[in-house]
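Read through the structure below, which is laid out as structure tokens, and then see the notes.
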There are 2 protein chains.
Amino acid sequence: MLLNVLMALTVIMITARVLGAIFARLHQPAVIGEVVGGILLGPSLLGRLWPEAAAVLFPAEAAPFLGVISQLGVILYMFLVGLELDLHVLRSRVAFTLAISIASIVVPFALGAGLATLLYETLSPAGVAFTSFALFLGVSMSITAFPVLARILGDRGLQRTAMGILALTCAAINDAVAWCLLAFVVSVTRATPGAAALTVALTAVYVALMLTVGRSVMATAVARLDSSPRIGEQSLALVLAAVLLSAVATEFIGIHAIFGAFLLGAIIPHESRIARHVTDRLADIVRVMFLPAFFAFTGLRTEIGLVRTVDDWLICGLIIAVATVGKLGGTALASRLAGLNWRDSAALGVLMNTRGLVELIVLNIGLDLGMITPRLFTMLVIMALVTTMMTSPILSALLKARPWAEP
Amino acid sequence: MLLNVLMALTVIMITARVLGAIFARLHQPAVIGEVVGGILLGPSLLGRLWPEAAAVLFPAEAAPFLGVISQLGVILYMFLVGLELDLHVLRSRVAFTLAISIASIVVPFALGAGLATLLYETLSPAGVAFTSFALFLGVSMSITAFPVLARILGDRGLQRTAMGILALTCAAINDAVAWCLLAFVVSVTRATPGAAALTVALTAVYVALMLTVGRSVMATAVARLDSSPRIGEQSLALVLAAVLLSAVATEFIGIHAIFGAFLLGAIIPHESRIARHVTDRLADIVRVMFLPAFFAFTGLRTEIGLVRTVDDWLICGLIIAVATVGKLGGTALASRLAGLNWRDSAALGVLMNTRGLVELIVLNIGLDLGMITPRLFTMLVIMALVTTMMTSPILSALLKARPWAEP
């Protein structure tokens, strides 16, 4: 078993690196290459071309281990995403920013829920209520991948331009709201109506507690740790224990462990020494070892072969169109109405349309809870990849003539 | 399942921290506290006092996951130990140092193998050949925990004194030789005589290749990486992939994955920027999250209750006595014969008697391969703890009057 897990991890890490490097050459985010690498290792390519190798590398018995490692990775990753979150940037033009970011959620959410009426018949698993299905499709359309967006802006040196900050702020708000929505959907789906109400109530209490008591406890603790001469093992241990506790708490409440990890990251002061230290210590190993395991785990569940007929591909195209119209279109329209010019509005829309790996986390939760079929899962994975891969080239085209400049 | 693993990890991490802090207060290495913490979470205490909590925290189904996480941790840890290894210190007085370190292996090994004649009847599992049993007991007596020893010296600021360097060098040689011995024992035990010969031959070829070709490839690769302006994710990924590949190779040959990881660490130039970077990125997370999982995993398999009768405790005492006489006595005698005074010889012996967590890794391998019974496993775990805990107080007493000084 150890040999299997080690071999699988080795192949996964190397594949992720190679594909990541290739995609970076093609001016795409490396992370998309890593996701594609995971898909290639699954039944879509390796399992189809060379089933013997797939059986040796990823035997059915090893899958649960890969699952736990990738879950652990995603928990740590979402904690880091929360840690990166800086709602302080929301200092000026609050109404303006909030309007755009709410539009960037509501429009794709509504369109996604509308799309559910079309897909419910053919693509929902037996026994899933329409409400759950529609809510989940809505959420899956309204995700923006804050970290991938931040990376794209950073790679182009745009993260300090006015538009870059606006995009980051909208994405951060989007992230926070989308995770609350997902928590709500999960609680509704997992439980009977009465229990769902309890879960929602408990979630609200937990979030409120974390944002008030948790936040001030964290501020005090962080200030103390920051002033200690040596930030080391002990601080990392404390923070990690807090992350795991919060993850256990939310899993226990009935929403997902990831939510607790994200929330804990969000209440730690973003600019503290301890936040930087923990990011420093965790980010690389999470990105290099844990996330590729998650991509491979996702890839093992993604079977492009399930999207077979012309009709299937038409539906897939429709999903991509609805996601893009909702997110890109909704954001752009709201921005234009709020007073930005068309070019900047479109660029903002394109950026918000980046779904990246956060979308994959959401889709895996949906598949785990039986809210979507493996076929719809595959279509939505394709949608996530296509919408994320659009961003870089369209952004380049839009900003070619007159790039955004720092103020 | 995720909830179980998360809860277990949380409790494990917190217990390790608390016990580590308590032991540090008692002037003992924190790592011994963490090991004791793991034992307390197992059937020796928690399982006995509060079996319901033990069943919730560590259900039988979650054990394999904890096992894989701790194996992964031990692999990364032994890689870091290899990375710390610096055989360059063996520049002067080669014969002198070699003589002492060989004595510090041969004497306890011989005594351990001799002890096997006494214990074979009662404490060897059915079907284990005497040779395997005796070899394994020999190896388990001759381990020195290089990392714990380095930590004890570092905590006292002794690592740059002549005696400190001598102790570190002897421990490093001891480590390398002991792991080769263990690889040999494992290959002999796992396979039929013909296959064992093949495993030994393959191991020899692999080690030779790594020390020649591998070493020069590494030197070139490291020099290239070191001269690149930015050492980042990519370098960590390369090194980790190499570690996993080497671990897979040795596991495949039929010795343990840990051996390959250790060997790979050993051939990477110790003082390179990349070595420091990788240590920086990995050491904390390995110590904070992965190693405690290993201690808990060990603790779950350690049942102090199995050492029940007076006879059992007498045997346990005998094992501790033999281990100490062999290691402490053997080293001290050799040092005295080589020309050191009695006080320094004794101090060196005490230091080499530190068995720490490296011993636990060896014992787990023995238990996994069925070379020792759970009862003997428990006795040897107690021996590892007692011999390691002796070190600090005896060293303090010996060096009190006239501490070692830097040259």
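Following the order of the structure tokens, chains are lettered A, B, ..., residues in each are numbered from 1, and ligands are numbered from 1.
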
Give me the residues within 6 Å of range 321-326 of chain B as a PyMOL selection string, counting only C-alpha atoms and dropping any in the same chain fewer than 5 places off. chain B and resi 107-108+141

Should the cut-off be 6 Å, what would the residue list for chain A against chain B look like, counting only C-alpha atoms, as a compact mmCIF listing (two decimals) with C-alpha atoms, in the first residue's frame?
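Output (iface-v5.txt):
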# COMPACT_ATOMS: atom_id res chain seq x y z
CA THR A 10 5.65 10.62 -7.44
CA GLU A 233 7.69 25.74 15.15
CA ALA A 237 1.77 24.37 15.50
CA ALA A 241 -4.11 23.25 15.43
CA LEU A 244 -7.83 21.79 12.15
CA ARG A 281 6.18 27.53 5.61
CA ASP A 284 5.19 25.68 -1.25
CA VAL A 288 3.97 21.17 -4.76

Restricting the calculation to only C-alpha atoms: of A:Leu360, A:Ala178, A:Leu26, A:Ile315, which residue gets closest to Phe259 in chain A? A:Ala178

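Distance annotation: of B:Asp311, B:Asp175, B:Glu359, B:Glu84, the residue with the minimal separation from Ala275 in chain B is B:Glu84; atom set is only C-alpha atoms.
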
Tell me which protein, DNA and RNA residues are within 8 Å of Ala266 in chain A, counting only C-alpha atoms, leaving out same-chain ones fewer than 5 positions away, and put them as a PyMOL selection string. chain A and resi 79+82-86

List every residue of range 216-348 of chain B that DSSP, applied to the backbone of this structure, assigns to helix (DSSP H, G or I), and report them as a VMD selection string. chain B and resid 216 to 227 233 to 253 257 to 267 273 to 301 304 to 306 310 to 338 342 to 348

Okay, now the selection with C-alpha atoms, as a short mmCIF file (atom, residue, chain, number, x, y, z; two decimals), in the first residue's frame?
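Okay, this is what ended up in selection_36.cif:
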data_model
loop_
_atom_site.label_atom_id
_atom_site.label_comp_id
_atom_site.auth_asym_id
_atom_site.auth_seq_id
_atom_site.Cartn_x
_atom_site.Cartn_y
_atom_site.Cartn_z
CA SER B 216 27.88 13.89 -9.02
CA VAL B 217 24.52 14.41 -10.76
CA MET B 218 23.26 15.99 -7.54
CA ALA B 219 26.33 18.16 -7.20
CA THR B 220 25.82 19.50 -10.74
CA ALA B 221 22.06 19.94 -10.31
CA VAL B 222 22.47 21.66 -6.96
CA ALA B 223 25.16 23.97 -8.31
CA ARG B 224 22.81 24.97 -11.14
CA LEU B 225 19.84 25.48 -8.85
CA ASP B 226 21.98 27.40 -6.37
CA SER B 227 23.13 29.85 -8.99
CA GLU B 233 8.54 26.06 -5.68
CA GLN B 234 10.22 24.45 -8.68
CA SER B 235 13.37 23.49 -6.77
CA LEU B 236 11.34 22.08 -3.89
CA ALA B 237 9.29 20.06 -6.37
CA LEU B 238 12.41 18.65 -8.02
CA VAL B 239 13.96 17.65 -4.70
CA LEU B 240 10.72 16.11 -3.41
CA ALA B 241 10.23 14.16 -6.62
CA ALA B 242 13.79 12.84 -6.28
CA VAL B 243 13.13 11.86 -2.65
CA LEU B 244 9.97 9.98 -3.58
CA LEU B 245 11.66 8.29 -6.54
CA SER B 246 14.53 7.11 -4.36
CA ALA B 247 12.08 5.94 -1.69
CA VAL B 248 10.09 4.01 -4.30
CA ALA B 249 13.32 2.50 -5.65
CA THR B 250 14.44 1.13 -2.28
CA GLU B 251 10.95 -0.07 -1.38
CA PHE B 252 10.89 -1.81 -4.75
CA ILE B 253 14.30 -3.40 -4.17
CA ALA B 257 11.37 3.35 1.50
CA ILE B 258 12.94 5.31 4.36
CA PHE B 259 16.38 4.10 3.33
CA GLY B 260 16.09 5.62 -0.13
CA ALA B 261 14.92 8.94 1.29
CA PHE B 262 17.81 9.01 3.76
CA LEU B 263 20.35 8.13 1.07
CA LEU B 264 19.06 10.87 -1.22
CA GLY B 265 19.37 13.39 1.58
CA ALA B 266 22.91 12.21 2.26
CA ILE B 267 24.14 12.77 -1.31
CA ARG B 273 21.51 26.96 -0.65
CA ILE B 274 19.01 24.45 -1.93
CA ALA B 275 19.59 22.16 1.06
CA ARG B 276 18.92 25.06 3.40
CA HIS B 277 15.86 26.14 1.43
CA VAL B 278 14.33 22.69 1.40
CA THR B 279 15.06 22.20 5.10
CA ASP B 280 13.46 25.56 5.77
CA ARG B 281 10.33 24.66 3.86
CA LEU B 282 9.91 21.13 5.16
CA ALA B 283 11.34 20.83 8.66
CA ASP B 284 8.63 22.71 10.55
CA ILE B 285 5.63 21.09 8.93
CA VAL B 286 7.22 17.66 9.24
CA ARG B 287 7.96 18.20 12.92
CA VAL B 288 4.64 19.83 13.74
CA MET B 289 2.17 17.71 11.79
CA PHE B 290 3.73 14.55 10.37
CA LEU B 291 5.98 13.34 13.18
CA PRO B 292 3.31 13.57 15.89
CA ALA B 293 1.15 11.39 13.62
CA PHE B 294 3.99 8.89 13.60
CA PHE B 295 4.32 9.04 17.39
CA ALA B 296 0.59 8.44 17.78
CA PHE B 297 0.76 5.61 15.27
CA THR B 298 3.59 4.10 17.32
CA GLY B 299 1.67 4.75 20.51
CA LEU B 300 -1.38 2.93 19.17
CA ARG B 301 0.83 -0.13 18.75
CA ILE B 304 2.44 -1.00 28.29
CA GLY B 305 -0.18 -3.41 29.66
CA LEU B 306 1.54 -6.21 27.72
CA VAL B 310 7.56 -9.09 37.35
CA ASP B 311 9.42 -11.32 34.91
CA ASP B 312 8.34 -9.08 32.04
CA TRP B 313 9.66 -6.01 33.80
CA LEU B 314 12.88 -7.83 34.65
CA ILE B 315 13.34 -8.66 30.98
CA CYS B 316 12.58 -5.04 30.12
CA GLY B 317 15.20 -3.94 32.62
CA LEU B 318 17.66 -6.42 31.18
CA ILE B 319 17.07 -5.03 27.68
CA ILE B 320 17.70 -1.50 28.93
CA ALA B 321 20.84 -2.66 30.75
CA VAL B 322 22.21 -4.51 27.73
CA ALA B 323 21.44 -1.59 25.43
CA THR B 324 23.17 0.86 27.77
CA VAL B 325 26.16 -1.31 28.57
CA GLY B 326 26.61 -2.03 24.88
CA LYS B 327 26.27 1.49 23.61
CA LEU B 328 27.40 3.69 26.47
CA GLY B 329 29.96 1.19 27.73
CA GLY B 330 31.24 0.19 24.33
CA THR B 331 31.67 3.76 23.17
CA ALA B 332 33.23 4.92 26.42
CA LEU B 333 35.70 2.03 26.50
CA ALA B 334 36.74 2.55 22.90
CA SER B 335 37.16 6.28 23.49
CA ARG B 336 39.27 5.67 26.58
CA LEU B 337 41.45 3.18 24.68
CA ALA B 338 41.76 5.73 21.88
CA TRP B 342 37.42 8.95 31.41
CA ARG B 343 35.10 11.91 31.80
CA ASP B 344 34.98 12.72 28.07
CA SER B 345 34.74 9.04 27.19
CA ALA B 346 31.73 8.65 29.46
CA ALA B 347 30.07 11.78 28.07
CA LEU B 348 30.56 10.53 24.53
#

Would you list the contacts of range 396-403 of chain A as a PyMOL selection string, taking every protein, DNA or RNA residue within 12 Å and counting only C-alpha atoms, but skipping same-chain residues closer than 4 positions in sequence? chain A and resi 27-28+152-153+156-158+161-164+342-351+390-392

Please compute the CA of Ser272 in chain A-CA of Arg160 in chain A distance, one decimal, in Å. 19.7 Å

Grab the CA of Ala134 in chain B to CA of Gly73 in chain B distance for me, in Å with one decimal place.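 The value is 28.6 Å.
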
Rounded to one decimal, what separation in Å do you get between CA of Val185 in chain B and CA of Pro125 in chain B?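 So the answer is 16.1 Å.
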